[in-house]
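As provided, query.pdb (PDB, C-alpha atoms) reads as follows.
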```
ATOM      1  CA  ASP A   3       0.000   0.000   0.000  1.00  0.00           C
ATOM      2  CA  ASN A   4       1.142   3.523  -0.638  1.00  0.00           C
ATOM      3  CA  TYR A   5       1.927   5.982   2.147  1.00  0.00           C
ATOM      4  CA  ILE A   6      -1.385   7.879   1.854  1.00  0.00           C
ATOM      5  CA  LYS A   7      -3.422   4.679   2.124  1.00  0.00           C
ATOM      6  CA  LYS A   8      -1.464   3.519   5.179  1.00  0.00           C
ATOM      7  CA  ILE A   9      -1.833   6.862   6.975  1.00  0.00           C
ATOM      8  CA  SER A  10      -5.536   7.239   6.119  1.00  0.00           C
ATOM      9  CA  SER A  11      -6.162   3.674   7.289  1.00  0.00           C
ATOM     10  CA  ARG A  12      -4.446   4.321  10.623  1.00  0.00           C
ATOM     11  CA  ILE A  13      -6.424   7.507  11.179  1.00  0.00           C
ATOM     12  CA  ALA A  14      -9.714   5.839  10.212  1.00  0.00           C
ATOM     13  CA  ASN A  15      -9.066   2.908  12.553  1.00  0.00           C
ATOM     14  CA  LYS A  16      -8.265   5.245  15.467  1.00  0.00           C
ATOM     15  CA  VAL A  17     -11.382   7.366  14.877  1.00  0.00           C
ATOM     16  CA  ARG A  18     -13.610   4.274  14.530  1.00  0.00           C
ATOM     17  CA  SER A  19     -12.161   2.665  17.646  1.00  0.00           C
ATOM     18  CA  LYS A  20     -12.489   5.876  19.686  1.00  0.00           C
ATOM     19  CA  ILE A  21     -16.124   6.498  18.698  1.00  0.00           C
ATOM     20  CA  LEU A  22     -17.408   2.912  18.747  1.00  0.00           C
ATOM     21  CA  GLN A  23     -15.169   1.630  21.594  1.00  0.00           C
ATOM     22  CA  ASP A  24     -14.654  -1.718  19.817  1.00  0.00           C
ATOM     23  CA  ASN A  25     -11.016  -2.235  20.932  1.00  0.00           C
ATOM     24  CA  CYS A  26     -10.126  -3.344  17.404  1.00  0.00           C
ATOM     25  CA  THR A  27      -6.896  -1.846  16.106  1.00  0.00           C
ATOM     26  CA  ASP A  28      -7.508  -2.671  12.426  1.00  0.00           C
ATOM     27  CA  THR A  29     -10.720  -3.841  10.767  1.00  0.00           C
ATOM     28  CA  GLY A  30      -8.991  -4.179   7.386  1.00  0.00           C
ATOM     29  CA  CYS A  31      -8.153  -7.817   7.987  1.00  0.00           C
ATOM     30  CA  SER A  32     -10.595  -9.909   6.012  1.00  0.00           C
ATOM     31  CA  LEU A  33     -10.322 -12.892   8.358  1.00  0.00           C
ATOM     32  CA  LYS A  34     -13.288 -12.757  10.696  1.00  0.00           C
ATOM     33  CA  VAL A  35     -15.029 -15.584  12.525  1.00  0.00           C
ATOM     34  CA  PHE A  36     -18.398 -14.874  14.049  1.00  0.00           C
ATOM     35  CA  ASP A  37     -21.647 -16.317  15.325  1.00  0.00           C
ATOM     36  CA  LYS A  38     -24.118 -16.614  12.446  1.00  0.00           C
ATOM     37  CA  GLN A  39     -27.246 -16.109  14.551  1.00  0.00           C
ATOM     38  CA  THR A  40     -25.948 -12.830  15.981  1.00  0.00           C
ATOM     39  CA  PHE A  41     -24.748 -11.688  12.562  1.00  0.00           C
ATOM     40  CA  LEU A  42     -28.204 -12.263  11.093  1.00  0.00           C
ATOM     41  CA  GLN A  43     -29.645  -9.799  13.629  1.00  0.00           C
ATOM     42  CA  PHE A  44     -27.593  -6.911  12.204  1.00  0.00           C
ATOM     43  CA  PRO A  45     -29.154  -4.548   9.650  1.00  0.00           C
ATOM     44  CA  LYS A  46     -27.424  -5.135   6.313  1.00  0.00           C
ATOM     45  CA  PHE A  47     -25.413  -2.457   4.477  1.00  0.00           C
ATOM     46  CA  ASP A  48     -22.471  -2.418   2.077  1.00  0.00           C
ATOM     47  CA  GLY A  49     -19.712  -1.541   4.545  1.00  0.00           C
ATOM     48  CA  ILE A  50     -20.764  -3.890   7.344  1.00  0.00           C
ATOM     49  CA  HIS A  51     -17.531  -5.899   7.083  1.00  0.00           C
ATOM     50  CA  ARG A  52     -15.567  -2.933   8.472  1.00  0.00           C
ATOM     51  CA  PHE A  53     -17.757  -2.721  11.561  1.00  0.00           C
ATOM     52  CA  LEU A  54     -18.324  -6.328  12.630  1.00  0.00           C
ATOM     53  CA  PRO A  55     -16.169  -6.057  15.784  1.00  0.00           C
ATOM     54  CA  ALA A  56     -18.066  -2.926  16.873  1.00  0.00           C
ATOM     55  CA  LEU A  57     -21.450  -4.468  16.123  1.00  0.00           C
ATOM     56  CA  PHE A  58     -20.680  -7.663  18.029  1.00  0.00           C
ATOM     57  CA  LYS A  59     -19.390  -5.697  21.004  1.00  0.00           C
ATOM     58  CA  GLY A  60     -22.408  -3.368  20.785  1.00  0.00           C
ATOM     59  CA  TYR A  61     -24.663  -6.439  20.917  1.00  0.00           C
ATOM     60  CA  ASN A  62     -22.851  -7.515  24.104  1.00  0.00           C
ATOM     61  CA  LYS A  63     -20.896 -10.343  22.486  1.00  0.00           C
ATOM     62  CA  LYS A  64     -17.282 -11.033  23.370  1.00  0.00           C
ATOM     63  CA  THR A  65     -14.702 -10.264  20.724  1.00  0.00           C
ATOM     64  CA  PHE A  66     -11.193 -11.637  20.432  1.00  0.00           C
ATOM     65  CA  PHE A  67      -8.395 -10.386  18.204  1.00  0.00           C
ATOM     66  CA  ILE A  68      -5.370 -12.212  16.880  1.00  0.00           C
ATOM     67  CA  ASN A  69      -2.644 -10.309  15.058  1.00  0.00           C
ATOM     68  CA  VAL A  70      -2.049 -11.326  11.457  1.00  0.00           C
ATOM     69  CA  ASP A  71       0.661 -10.346   8.986  1.00  0.00           C
ATOM     70  CA  HIS A  72       0.004  -7.786   6.280  1.00  0.00           C
ATOM     71  CA  ARG A  73       0.662  -9.172   2.824  1.00  0.00           C
ATOM     72  CA  VAL A  74       1.169  -7.370  -0.438  1.00  0.00           C
ATOM     73  CA  ARG A  75      -1.794  -7.522  -2.839  1.00  0.00           C
ATOM     74  CA  LEU A  76      -0.875 -10.032  -5.542  1.00  0.00           C
ATOM     75  CA  HIS A  77      -3.860  -9.574  -7.842  1.00  0.00           C
ATOM     76  CA  GLY A  78      -6.376  -6.874  -8.659  1.00  0.00           C
ATOM     77  CA  GLN A  79      -6.666  -3.315  -7.426  1.00  0.00           C
ATOM     78  CA  SER A  80      -8.397  -1.619  -4.549  1.00  0.00           C
ATOM     79  CA  LYS A  81     -11.879  -0.438  -5.495  1.00  0.00           C
ATOM     80  CA  TYR A  82     -11.682   2.575  -3.192  1.00  0.00           C
ATOM     81  CA  GLY A  83      -9.692   5.773  -3.404  1.00  0.00           C
ATOM     82  CA  THR A  84      -8.855   7.729  -0.276  1.00  0.00           C
ATOM     83  CA  PHE A  85     -11.803  10.137  -0.504  1.00  0.00           C
ATOM     84  CA  LYS A  86     -14.353   7.529  -1.563  1.00  0.00           C
ATOM     85  CA  ARG A  87     -13.347   5.403   1.428  1.00  0.00           C
ATOM     86  CA  LEU A  88     -13.474   8.446   3.711  1.00  0.00           C
ATOM     87  CA  PHE A  89     -17.028   9.430   2.828  1.00  0.00           C
ATOM     88  CA  ALA A  90     -18.372   5.868   2.760  1.00  0.00           C
ATOM     89  CA  GLY A  91     -16.624   5.121   6.058  1.00  0.00           C
ATOM     90  CA  LEU A  92     -17.980   8.209   7.814  1.00  0.00           C
ATOM     91  CA  LYS A  93     -21.519   7.466   6.658  1.00  0.00           C
ATOM     92  CA  ASP A  94     -21.220   3.859   7.864  1.00  0.00           C
ATOM     93  CA  LEU A  95     -19.601   4.927  11.152  1.00  0.00           C
ATOM     94  CA  ILE A  96     -22.601   7.118  11.944  1.00  0.00           C
ATOM     95  CA  ARG A  97     -24.977   4.329  10.897  1.00  0.00           C
ATOM     96  CA  VAL A  98     -23.268   1.768  13.159  1.00  0.00           C
ATOM     97  CA  TYR A  99     -23.180   4.197  16.087  1.00  0.00           C
ATOM     98  CA  TYR A 100     -26.968   4.562  15.876  1.00  0.00           C
ATOM     99  CA  ILE A 101     -27.558   0.825  15.302  1.00  0.00           C
ATOM    100  CA  ILE A 102     -25.701   0.076  18.540  1.00  0.00           C
ATOM    101  CA  LYS A 103     -27.409   2.927  20.402  1.00  0.00           C
ATOM    102  CA  LYS A 104     -30.839   1.705  19.278  1.00  0.00           C
ATOM    103  CA  TYR A 105     -30.025  -1.892  20.290  1.00  0.00           C
ATOM    104  CA  LYS A 106     -28.929  -0.806  23.781  1.00  0.00           C
ATOM    105  CA  LYS A 107     -32.205   1.075  24.277  1.00  0.00           C
ATOM    106  CA  THR A 108     -34.143  -2.164  23.710  1.00  0.00           C
ATOM    107  CA  LEU A 109     -32.342  -3.951  26.541  1.00  0.00           C
TER     108      LEU A 109
END
```
Would you kindly transcribe this structure into structure tokens?
Amino acid sequence: DNYIKKISSRIANKVRSKILQDNCTDTGCSLKVFDKQTFLQFPKFDGIHRFLPALFKGYNKKTFFINVDHRVRLHGQSKYGTFKRLFAGLKDLIRVYYIIKKYKKTL
């Protein structure tokens, strides 16, 4: 990844973690294991994969993180530029914040 993508990813992860309190340092890892029944309770949207740790924690489920190595992309190209990711990510961040807030009100 280029320098801009690395820096923007770090900033985005810090902002997401601070706002959603999910304790996840990087949601960019595509390896995620989760409970299907809980997952099926979540409202569906395009960027949900970036917010699974926050959603599970917001639904009072335990989350565990294991560090993995970053590997260079061997095939294809990223579908997102820096600004497209920024705007989509902010919109989804707000959406997830309210999904979790709404869920906690029902408890």
Requested in this report: Could you expand the PyMOL selection byres ((chain A and resi 54) around 10) into the explicit residues it covers here, written as number ranges by chain?
Outcome: A: 24, 26, 29, 34-36, 41, 44, 49-53, 55-60, 65, 98
Requested in this report: Carefully work through the PyMOL selection byres ((chain A and resi 21) around 10) for this structure and note down the residues it includes, as number ranges by chain.
Outcome: A: 16-20, 22-24, 56, 95-96, 99
Report task. Please check which residues have atoms at most 7 Å from (-8.2, 1.3, 8.9) in the file's coordinates, counting only C-alpha atoms, and write them as an NGL selection string. Result -> :A and (11-15 or 28-30)
Around all of region 33-52 of chain A's listed atoms, make the axis-aligned box with 4 Å on each side and tell me centre and edge lengths in Å to one decimal, as AutoDock Vina command-line options.
```
--center_x -20.0 --center_y -9.1 --center_z 9.0 --size_x 27.3 --size_y 23.1 --size_z 21.9
```
**Report entry** Coordinates-based distance that separates CA of Ile6 (chain A) from CA of Asp71 (chain A) (Å, one decimal)
**Finding:**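 Value for the CA of Asp71 (chain A)-CA of Ile6 (chain A) distance: 19.7 Å.
Take the candidates A:Phe85, A:Gln79, A:Asp48, A:Gln43 and check each one against Ile101 (chain A) using only C-alpha atoms; the shortest distance goes to A:Gln43.
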Query raised in the report: CA of Asn69 (chain A) and CA of Lys38 (chain A) are how many Å apart?
Result: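 CA of Lys38 (chain A) lies 22.5 Å from CA of Asn69 (chain A).
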Query raised in the report: What is the CA of Ile102 (chain A) to CA of Ile9 (chain A) distance in Å?
Result: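 Going from CA of Ile102 (chain A) over to CA of Ile9 (chain A), I get 27.4 Å.
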Query raised in the report: Using all atoms listed in the file, which of the listed residues (A:Ile68, A:Gln39, A:Lys63, A:Lys104) sits closest to Thr27 (chain A)?
Result: A:Ile68
Considering all atoms listed in the file, return as a CSV table (one decimal) with C-alpha atoms, in the coordinates of the input whatever protein or nucleic-acid residues lie within 12 Å of His72 (chain A), sequence-local ones (same chain, fewer than 2 positions apart) excluded.
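File produced: around00.csv:
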```csv
chain,number,residue,atom,x,y,z
A,3,ASP,CA,0.0,0.0,0.0
A,8,LYS,CA,-1.5,3.5,5.2
A,28,ASP,CA,-7.5,-2.7,12.4
A,30,GLY,CA,-9.0,-4.2,7.4
A,31,CYS,CA,-8.2,-7.8,8.0
A,32,SER,CA,-10.6,-9.9,6.0
A,33,LEU,CA,-10.3,-12.9,8.4
A,69,ASN,CA,-2.6,-10.3,15.1
A,70,VAL,CA,-2.0,-11.3,11.5
A,74,VAL,CA,1.2,-7.4,-0.4
A,75,ARG,CA,-1.8,-7.5,-2.8
```
Rebuild region 90-101 of chain A so that it carries all heavy atoms, then output the result as a PDB file, in the coordinates of the input.
```pdb
ATOM      1  N   ALA A  90     -17.611   7.093   2.492  1.00  0.00           N
ATOM      2  CA  ALA A  90     -18.372   5.868   2.760  1.00  0.00           C
ATOM      3  C   ALA A  90     -18.168   5.431   4.211  1.00  0.00           C
ATOM      4  O   ALA A  90     -19.114   5.042   4.896  1.00  0.00           O
ATOM      5  CB  ALA A  90     -17.948   4.760   1.807  1.00  0.00           C
ATOM      6  N   GLY A  91     -16.937   5.521   4.687  1.00  0.00           N
ATOM      7  CA  GLY A  91     -16.624   5.121   6.058  1.00  0.00           C
ATOM      8  C   GLY A  91     -17.294   5.997   7.102  1.00  0.00           C
ATOM      9  O   GLY A  91     -17.794   5.497   8.109  1.00  0.00           O
ATOM     10  N   LEU A  92     -17.319   7.305   6.870  1.00  0.00           N
ATOM     11  CA  LEU A  92     -17.980   8.209   7.814  1.00  0.00           C
ATOM     12  C   LEU A  92     -19.478   7.950   7.871  1.00  0.00           C
ATOM     13  O   LEU A  92     -20.071   7.919   8.954  1.00  0.00           O
ATOM     14  CB  LEU A  92     -17.713   9.670   7.440  1.00  0.00           C
ATOM     15  CG  LEU A  92     -16.317  10.187   7.743  1.00  0.00           C
ATOM     16  CD1 LEU A  92     -16.127  11.588   7.174  1.00  0.00           C
ATOM     17  CD2 LEU A  92     -16.031  10.166   9.228  1.00  0.00           C
ATOM     18  N   LYS A  93     -20.080   7.757   6.707  1.00  0.00           N
ATOM     19  CA  LYS A  93     -21.519   7.466   6.658  1.00  0.00           C
ATOM     20  C   LYS A  93     -21.823   6.172   7.420  1.00  0.00           C
ATOM     21  O   LYS A  93     -22.746   6.113   8.229  1.00  0.00           O
ATOM     22  CB  LYS A  93     -21.973   7.341   5.205  1.00  0.00           C
ATOM     23  CG  LYS A  93     -23.451   7.049   5.040  1.00  0.00           C
ATOM     24  CD  LYS A  93     -23.813   6.896   3.582  1.00  0.00           C
ATOM     25  CE  LYS A  93     -23.396   5.507   3.164  1.00  0.00           C
ATOM     26  NZ  LYS A  93     -23.855   5.057   1.890  1.00  0.00           N
ATOM     27  N   ASP A  94     -21.011   5.142   7.188  1.00  0.00           N
ATOM     28  CA  ASP A  94     -21.220   3.859   7.864  1.00  0.00           C
ATOM     29  C   ASP A  94     -20.925   3.947   9.358  1.00  0.00           C
ATOM     30  O   ASP A  94     -21.594   3.303  10.170  1.00  0.00           O
ATOM     31  CB  ASP A  94     -20.376   2.768   7.213  1.00  0.00           C
ATOM     32  CG  ASP A  94     -20.858   2.410   5.825  1.00  0.00           C
ATOM     33  OD1 ASP A  94     -22.022   2.716   5.493  1.00  0.00           O
ATOM     34  OD2 ASP A  94     -20.061   1.821   5.071  1.00  0.00           O
ATOM     35  N   LEU A  95     -19.926   4.738   9.737  1.00  0.00           N
ATOM     36  CA  LEU A  95     -19.601   4.927  11.152  1.00  0.00           C
ATOM     37  C   LEU A  95     -20.794   5.502  11.906  1.00  0.00           C
ATOM     38  O   LEU A  95     -21.169   5.021  12.981  1.00  0.00           O
ATOM     39  CB  LEU A  95     -18.388   5.849  11.294  1.00  0.00           C
ATOM     40  CG  LEU A  95     -17.973   6.219  12.711  1.00  0.00           C
ATOM     41  CD1 LEU A  95     -17.426   5.006  13.444  1.00  0.00           C
ATOM     42  CD2 LEU A  95     -16.942   7.329  12.679  1.00  0.00           C
ATOM     43  N   ILE A  96     -21.415   6.511  11.335  1.00  0.00           N
ATOM     44  CA  ILE A  96     -22.601   7.118  11.944  1.00  0.00           C
ATOM     45  C   ILE A  96     -23.738   6.098  12.010  1.00  0.00           C
ATOM     46  O   ILE A  96     -24.417   5.965  13.030  1.00  0.00           O
ATOM     47  CB  ILE A  96     -23.020   8.383  11.167  1.00  0.00           C
ATOM     48  CG1 ILE A  96     -21.948   9.457  11.340  1.00  0.00           C
ATOM     49  CG2 ILE A  96     -24.384   8.885  11.623  1.00  0.00           C
ATOM     50  CD1 ILE A  96     -22.041  10.601  10.355  1.00  0.00           C
ATOM     51  N   ARG A  97     -23.922   5.354  10.944  1.00  0.00           N
ATOM     52  CA  ARG A  97     -24.977   4.329  10.897  1.00  0.00           C
ATOM     53  C   ARG A  97     -24.773   3.295  12.012  1.00  0.00           C
ATOM     54  O   ARG A  97     -25.708   2.957  12.735  1.00  0.00           O
ATOM     55  CB  ARG A  97     -24.966   3.644   9.532  1.00  0.00           C
ATOM     56  CG  ARG A  97     -25.955   2.492   9.432  1.00  0.00           C
ATOM     57  CD  ARG A  97     -25.855   1.815   8.094  1.00  0.00           C
ATOM     58  NE  ARG A  97     -26.463   2.671   7.092  1.00  0.00           N
ATOM     59  CZ  ARG A  97     -26.198   2.621   5.800  1.00  0.00           C
ATOM     60  NH1 ARG A  97     -25.357   1.750   5.328  1.00  0.00           N
ATOM     61  NH2 ARG A  97     -26.802   3.432   4.960  1.00  0.00           N
ATOM     62  N   VAL A  98     -23.558   2.796  12.153  1.00  0.00           N
ATOM     63  CA  VAL A  98     -23.268   1.768  13.159  1.00  0.00           C
ATOM     64  C   VAL A  98     -23.435   2.332  14.568  1.00  0.00           C
ATOM     65  O   VAL A  98     -23.968   1.659  15.452  1.00  0.00           O
ATOM     66  CB  VAL A  98     -21.857   1.179  12.949  1.00  0.00           C
ATOM     67  CG1 VAL A  98     -21.435   0.319  14.126  1.00  0.00           C
ATOM     68  CG2 VAL A  98     -21.811   0.380  11.659  1.00  0.00           C
ATOM     69  N   TYR A  99     -23.010   3.561  14.778  1.00  0.00           N
ATOM     70  CA  TYR A  99     -23.180   4.197  16.087  1.00  0.00           C
ATOM     71  C   TYR A  99     -24.649   4.170  16.495  1.00  0.00           C
ATOM     72  O   TYR A  99     -24.992   3.801  17.621  1.00  0.00           O
ATOM     73  CB  TYR A  99     -22.645   5.632  16.027  1.00  0.00           C
ATOM     74  CG  TYR A  99     -22.846   6.392  17.306  1.00  0.00           C
ATOM     75  CD1 TYR A  99     -21.954   6.246  18.362  1.00  0.00           C
ATOM     76  CD2 TYR A  99     -23.923   7.252  17.456  1.00  0.00           C
ATOM     77  CE1 TYR A  99     -22.141   6.937  19.549  1.00  0.00           C
ATOM     78  CE2 TYR A  99     -24.121   7.946  18.640  1.00  0.00           C
ATOM     79  CZ  TYR A  99     -23.228   7.791  19.677  1.00  0.00           C
ATOM     80  OH  TYR A  99     -23.412   8.470  20.852  1.00  0.00           O
ATOM     81  N   TYR A 100     -25.537   4.537  15.568  1.00  0.00           N
ATOM     82  CA  TYR A 100     -26.968   4.562  15.876  1.00  0.00           C
ATOM     83  C   TYR A 100     -27.588   3.168  15.949  1.00  0.00           C
ATOM     84  O   TYR A 100     -28.523   2.949  16.724  1.00  0.00           O
ATOM     85  CB  TYR A 100     -27.726   5.470  14.899  1.00  0.00           C
ATOM     86  CG  TYR A 100     -27.494   6.924  15.236  1.00  0.00           C
ATOM     87  CD1 TYR A 100     -26.687   7.719  14.443  1.00  0.00           C
ATOM     88  CD2 TYR A 100     -28.050   7.479  16.379  1.00  0.00           C
ATOM     89  CE1 TYR A 100     -26.456   9.044  14.773  1.00  0.00           C
ATOM     90  CE2 TYR A 100     -27.821   8.794  16.722  1.00  0.00           C
ATOM     91  CZ  TYR A 100     -27.019   9.578  15.911  1.00  0.00           C
ATOM     92  OH  TYR A 100     -26.789  10.887  16.260  1.00  0.00           O
ATOM     93  N   ILE A 101     -27.081   2.214  15.195  1.00  0.00           N
ATOM     94  CA  ILE A 101     -27.558   0.825  15.302  1.00  0.00           C
ATOM     95  C   ILE A 101     -27.285   0.309  16.718  1.00  0.00           C
ATOM     96  O   ILE A 101     -28.162  -0.272  17.361  1.00  0.00           O
ATOM     97  CB  ILE A 101     -26.886  -0.087  14.257  1.00  0.00           C
ATOM     98  CG1 ILE A 101     -27.392   0.238  12.858  1.00  0.00           C
ATOM     99  CG2 ILE A 101     -27.109  -1.561  14.592  1.00  0.00           C
ATOM    100  CD1 ILE A 101     -26.583  -0.430  11.741  1.00  0.00           C
TER     101      ILE A 101
END
```
